[in-house]
Each structure stands twice: as structure tokens, then as C-alpha cells.
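Worksheet for the structure shown next.
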Amino acid sequence: MSTEQIKTAIAGYGAAGEFYHAPFIASLPQFKLTSVQERHKEQSKVKFPDVRVVRAFTELTKDPDIELIIITTPNEYHFSMAKEAMEMGKHVVVDKPITVTSKEAEQLINISKETGKILTVYQNRRLDAGLLTIKKIKEENGFGKIRHYEAHFDRFRPAIKDSWREKETPGGGLLYDLGVHLLDQTIYLWGKPQSITAKIERQRPDAVVDDFFEISLQYNGFKAVVKAGMLVEEKTPQLYVEGSKLTYFRYDLDPQEAALKKGLFPRDATWEKETVPTPGFIRNADCEESEYSSERGNYPYFYKNLAKVIREGGDLFVKPEEALYVIKLIEFAKASSEGQRTIDLSNV
């Protein structure tokens, strides 16, 4: 078993590269950030003065010292870049979503198997405080029989941002952004659903891509609803689980994201203090409500698991087949919304 640091490169240094990936690579001793691809700037040198900045992705794939490439570029480039990286002998992390289409995701999975290179997808929202709390209660059978699950990611942002996510480009729109998180969380908790019914809309007058969705997933005995919009002013529970014995709900987002956007790294002395989650709430069968202590969120676990798999083998925390299934759900959601119909998923 090698204990050598995993020499790592990041392709793209927008918000995802700077705030959601680089801080963990820099904080964990299993990794060494050696190179960053930036097309025009050298922004990464502000925080990482020793990194090599390259302009072309091929400079990363042809570097014999690099073992792992993290792809944080716009969604439409995920497939071609991950394909090239694995074919050039690199392990790959793709920031969610894995690809824009399920056909592309299937091809990447086949290339991973053929090359023997690891392929995984950064689904960090599995490691949110609220989701880990739900998972703990579920594993302890605290809910009883599940009656309803709901997850929201609502914002109030009437103005259109000058961002590729809000432009008419492959993989643009809210469904490929927040929908990927919410669907992955749901499958992580409850498994594969029996059917899907979706409504996907453009609600803002100047929107050119979807900025609202509501997706209902039918399970045996309950429904899971995931929903996000850009014109939601009222604060609603971000997570809600109703069971025969216990109901759990939570309003606040995990504080890890805010800490990362402030520029904190997990290695910083203030990280533990800044990432203490607020409590959620529970309601028992007698309708009595009380605060419920939250599990701590744990974004660093994604990369700790990956390092272990690269050096020792074992199971990935996020398997590419799981990411493929999420893309299939997105495709079915689009078909459901366009056809205004429920789609059976029993054979998917």
C-alpha cells in the first residue's frame, strides 16, 4: 500500500473549483494540488502560489506525475474531458452532474472499466447535516412507517445572472444544477422510485432555461417530492420527513457551504466552530414539537473515501452508476413535464 501523496490537478477554477474542491485537496494530507487549468487568469495562485497554471486541458492529461484530475468546468464539457483523462491514465472526479445525457454517462462508465481508472462524481450534498440526521433516524427506525418526504432548494433571485447555468447551453438550467443534488439525496435515502411525475418551468420573464421544478417520486407507500425555484420568498422547510412515529423537519442549510465561500479551509482552526449546524425539529405522534440536535455535516469525507479507494481499493462513496441513474431521472422528468404524464420506472 502506497502512502505517497496523490498528485492532483483541477480543471476549471470558477466557484466550484475554488470553493468546493481545492480547500479539501489542500487540507487533506493524502493529496497534493500540483496544477490548475485556467483559460485566461491565474486566480488559483492567490491561495496556492506554488501550483502550476496551465491553459490547455491536454497539459494536465499528458503530465505523467498527475494521478487525479478534478473536472469543475461547465456541464457540457464533462463528458469529453473525463473521457480524455481516463484514456490518458488518470483517475477522475467530475463535479455534478456526471454528464448531460445518460448515453454519455454510460460511455464514461465503460471507459472507467476498460482503463481501470476510478470515476466518481462530487455529490457533496449527501454529506449535509440535515441529510445525515435523517439517515441516522432512519437507520434507528425512528420514523416508523414513512408517509411523506420533501426536499426544497428555494431562492429568491428575480434577476437573471450572467452565468452559463442561466444560458441556453447543454446542461444549463436549475434542474441540472440543484435538481441533481435533490434527486441524488432522495435516491441515497430511499432507493429507486416506482414512478416519476414532473413539472418544469421558466417562471422569470427573461429566463431562457428552466428556473423552477417540482418532481414527485412514488415509492411503496409514500411520495417523495423535490422542488426548487428562483422566485420563492417565503422560508419553508428545506427537508421534511413524516413518519408514523416521528416527523423531522429542518429550515437551515448546512453551514459548510457558507464557511467555504468565506474562504475557510477544513484545515483551519476555526472550521469546526464555523460549521456547527443549527438544530432541526421533531414532532412526535402526540403532535409535540421540540428541537432535535443535528449530525455534523462532513464534506471532507468524500475525498477521504476517494484517497482510500485509490491507495487501498474498496467501495466509492459515490459510484458512477448512481450518478448515471440521477441523469436518467432528469431525462424522465423532462419527458414527464413535456408530456404532462406520469412515467413508470419499475424496469429502469
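The way I read the labels, and the way they are meant: chains A, B, ... in the order of the C-alpha cells, residue 1 as the first residue of every chain, and ligand 1 as the first ligand shown, with later ones counted on from there.
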
Who sits within 10 Å of Tyr299 of chain A, only C-alpha atoms, same chain under 4 positions skipped, as a ChimeraX atom specification: /A:20-21,24,122-129,256-257,266,303-304

Counting only C-alpha atoms, the option among A:Thr247, A:Asp177, A:Asn305, A:Phe79 closest to Ser102 of chain A: A:Phe79

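The environment of Lys199 of chain A within 10 Å, counting only C-alpha atoms and disregarding residues fewer than 2 places along the same chain, consists of Thr197, Glu201, Phe212, Phe213, Glu214, Ile215, Ser216, Lys227, Ala333, Lys334, Ala335, Ser336, Ser337, Glu338, Gly339, Gln340 and Arg341 of chain A.
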
Just the selected residues (all heavy atoms), exported as a compact mmCIF listing (two decimals), in the first residue's frame, please.
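Contents of the output file out_14.txt:
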# COMPACT_ATOMS: atom_id res chain seq x y z
N THR A 197 -43.30 11.93 -11.75
CA THR A 197 -44.17 12.95 -12.33
C THR A 197 -43.51 14.30 -12.10
O THR A 197 -43.14 14.61 -10.97
CB THR A 197 -45.57 12.95 -11.69
OG1 THR A 197 -46.09 11.62 -11.67
CG2 THR A 197 -46.52 13.86 -12.45
N GLU A 201 -40.52 24.45 -15.33
CA GLU A 201 -41.00 25.70 -15.93
C GLU A 201 -39.90 26.76 -15.98
O GLU A 201 -38.88 26.67 -15.29
CB GLU A 201 -42.17 26.27 -15.10
CG GLU A 201 -43.38 25.37 -15.03
CD GLU A 201 -44.47 25.95 -14.15
OE1 GLU A 201 -44.17 26.88 -13.36
OE2 GLU A 201 -45.61 25.48 -14.22
N PHE A 212 -37.56 26.60 -12.39
CA PHE A 212 -38.46 26.00 -11.40
C PHE A 212 -38.71 24.55 -11.78
O PHE A 212 -38.85 24.22 -12.96
CB PHE A 212 -39.80 26.74 -11.36
CG PHE A 212 -40.86 26.00 -10.55
CD1 PHE A 212 -40.96 26.20 -9.19
CD2 PHE A 212 -41.71 25.09 -11.16
CE1 PHE A 212 -41.90 25.50 -8.44
CE2 PHE A 212 -42.66 24.39 -10.42
CZ PHE A 212 -42.76 24.60 -9.06
N PHE A 213 -38.75 23.70 -10.76
CA PHE A 213 -39.19 22.33 -10.99
C PHE A 213 -39.82 21.76 -9.73
O PHE A 213 -39.49 22.18 -8.60
CB PHE A 213 -38.03 21.41 -11.45
CG PHE A 213 -36.92 21.25 -10.45
CD1 PHE A 213 -37.01 20.34 -9.40
CD2 PHE A 213 -35.75 22.00 -10.57
CE1 PHE A 213 -35.98 20.20 -8.48
CE2 PHE A 213 -34.72 21.86 -9.66
CZ PHE A 213 -34.83 20.95 -8.62
N GLU A 214 -40.75 20.87 -9.93
CA GLU A 214 -41.35 20.08 -8.85
C GLU A 214 -41.46 18.65 -9.37
O GLU A 214 -42.14 18.40 -10.36
CB GLU A 214 -42.71 20.62 -8.45
CG GLU A 214 -43.34 19.85 -7.30
CD GLU A 214 -44.63 20.47 -6.80
OE1 GLU A 214 -44.78 21.71 -6.94
OE2 GLU A 214 -45.47 19.71 -6.29
N ILE A 215 -40.78 17.75 -8.70
CA ILE A 215 -40.71 16.36 -9.14
C ILE A 215 -41.25 15.46 -8.03
O ILE A 215 -40.78 15.53 -6.89
CB ILE A 215 -39.27 15.95 -9.49
CG1 ILE A 215 -38.71 16.85 -10.59
CG2 ILE A 215 -39.22 14.48 -9.93
CD1 ILE A 215 -37.24 16.66 -10.87
N SER A 216 -42.22 14.63 -8.37
CA SER A 216 -42.80 13.68 -7.41
C SER A 216 -42.32 12.27 -7.77
O SER A 216 -42.49 11.83 -8.91
CB SER A 216 -44.32 13.72 -7.45
OG SER A 216 -44.79 15.00 -7.03
N LYS A 227 -38.14 19.91 -4.96
CA LYS A 227 -38.67 21.15 -5.53
C LYS A 227 -37.65 22.27 -5.38
O LYS A 227 -37.00 22.39 -4.35
CB LYS A 227 -39.97 21.50 -4.80
CG LYS A 227 -40.76 22.67 -5.32
CD LYS A 227 -42.06 22.79 -4.53
CE LYS A 227 -42.93 23.94 -5.02
NZ LYS A 227 -44.19 24.03 -4.25
N ALA A 333 -37.79 13.08 -16.03
CA ALA A 333 -38.51 14.25 -15.52
C ALA A 333 -38.84 15.20 -16.66
O ALA A 333 -39.95 15.75 -16.74
CB ALA A 333 -37.68 14.96 -14.45
N LYS A 334 -37.90 15.43 -17.55
CA LYS A 334 -38.15 16.30 -18.70
C LYS A 334 -39.24 15.73 -19.59
O LYS A 334 -40.14 16.45 -20.05
CB LYS A 334 -36.85 16.49 -19.49
CG LYS A 334 -35.83 17.35 -18.74
CD LYS A 334 -34.42 17.19 -19.28
CE LYS A 334 -34.25 17.77 -20.65
NZ LYS A 334 -32.84 17.67 -21.11
N ALA A 335 -39.20 14.42 -19.83
CA ALA A 335 -40.24 13.78 -20.65
C ALA A 335 -41.60 13.84 -19.97
O ALA A 335 -42.62 14.07 -20.62
CB ALA A 335 -39.84 12.33 -20.93
N SER A 336 -41.62 13.67 -18.65
CA SER A 336 -42.87 13.74 -17.90
C SER A 336 -43.48 15.13 -17.99
O SER A 336 -44.68 15.30 -18.21
CB SER A 336 -42.63 13.36 -16.43
OG SER A 336 -43.75 13.67 -15.64
N SER A 337 -42.63 16.15 -17.81
CA SER A 337 -43.12 17.52 -17.85
C SER A 337 -43.62 17.89 -19.24
O SER A 337 -44.69 18.49 -19.39
CB SER A 337 -42.01 18.48 -17.42
OG SER A 337 -42.45 19.81 -17.41
N GLU A 338 -42.87 17.52 -20.26
CA GLU A 338 -43.26 17.86 -21.63
C GLU A 338 -44.56 17.15 -22.03
O GLU A 338 -45.41 17.73 -22.71
CB GLU A 338 -42.13 17.47 -22.58
CG GLU A 338 -40.90 18.37 -22.46
CD GLU A 338 -39.68 17.81 -23.17
OE1 GLU A 338 -39.83 16.76 -23.86
OE2 GLU A 338 -38.58 18.40 -23.03
N GLY A 339 -44.72 15.90 -21.58
CA GLY A 339 -45.91 15.14 -21.93
C GLY A 339 -47.03 15.22 -20.92
O GLY A 339 -48.10 14.63 -21.13
N GLN A 340 -46.78 15.94 -19.81
CA GLN A 340 -47.76 16.06 -18.73
C GLN A 340 -48.30 14.69 -18.33
O GLN A 340 -49.51 14.45 -18.30
CB GLN A 340 -48.89 17.00 -19.15
CG GLN A 340 -48.43 18.41 -19.45
CD GLN A 340 -49.57 19.34 -19.82
OE1 GLN A 340 -50.73 19.12 -19.44
NE2 GLN A 340 -49.28 20.40 -20.54
N ARG A 341 -47.37 13.81 -18.00
CA ARG A 341 -47.76 12.44 -17.67
C ARG A 341 -46.84 11.86 -16.61
O ARG A 341 -45.74 12.36 -16.36
CB ARG A 341 -47.71 11.55 -18.93
CG ARG A 341 -46.32 11.44 -19.55
CD ARG A 341 -46.36 10.82 -20.94
NE ARG A 341 -45.03 10.81 -21.56
CZ ARG A 341 -44.24 9.75 -21.59
NH1 ARG A 341 -44.61 8.61 -21.01
NH2 ARG A 341 -43.06 9.81 -22.18

Expected answer as an MDAnalysis selection string: strand (DSSP E) residues in segment 108-289 of chain A: chainID A and resid 119:122 146:152 195:201 212:218 223:229 239:243 246:250 280:284 289

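Once Lys235 of chain A and its same-chain neighbours fewer than 6 positions away are set aside, Asp154, Arg155, Tyr251 and Asp252 of chain A remain within 10 Å of it when counting only C-alpha atoms.
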
Could you please take those selected residues and save N, CA and C atoms as an mmCIF file, in the first residue's frame?
data_model
loop_
_atom_site.group_PDB
_atom_site.id
_atom_site.type_symbol
_atom_site.label_atom_id
_atom_site.label_comp_id
_atom_site.auth_asym_id
_atom_site.auth_seq_id
_atom_site.Cartn_x
_atom_site.Cartn_y
_atom_site.Cartn_z
ATOM 1 N N ASP A 154 -34.926 26.391 -2.379
ATOM 2 C CA ASP A 154 -35.577 27.583 -2.904
ATOM 3 C C ASP A 154 -34.715 28.826 -2.741
ATOM 4 N N ARG A 155 -34.856 29.728 -3.701
ATOM 5 C CA ARG A 155 -34.140 31.003 -3.669
ATOM 6 C C ARG A 155 -35.087 32.105 -4.120
ATOM 7 N N TYR A 251 -35.046 23.822 8.563
ATOM 8 C CA TYR A 251 -35.141 25.010 7.710
ATOM 9 C C TYR A 251 -33.793 25.451 7.152
ATOM 10 N N ASP A 252 -32.737 25.308 7.907
ATOM 11 C CA ASP A 252 -31.463 25.936 7.559
ATOM 12 C C ASP A 252 -30.588 25.027 6.695
#

Nearby residues (only C-alpha atoms) at most 7 Å from Thr99 of chain A, same-chain spacing under 5 positions excluded, as a ChimeraX atom specification: /A:75,78-79,104-105

Straight-line distance linking atom CA of Gly12 of chain A with atom CA of Phe156 of chain A, stated in Å to one decimal: 27.6 Å

Backbone-only DSSP, helix (DSSP H, G or I) members of segment 110-302 of chain A, as a PyMOL selection string: chain A and resi 110-115+124-127+129-139+164-166+174-190+255-261+271-274+300-302

Who sits within 9 Å of Pro277 of chain A, only C-alpha atoms, same chain under 4 positions skipped, as a PyMOL selection string: chain A and resi 129-130+252-256+293-297
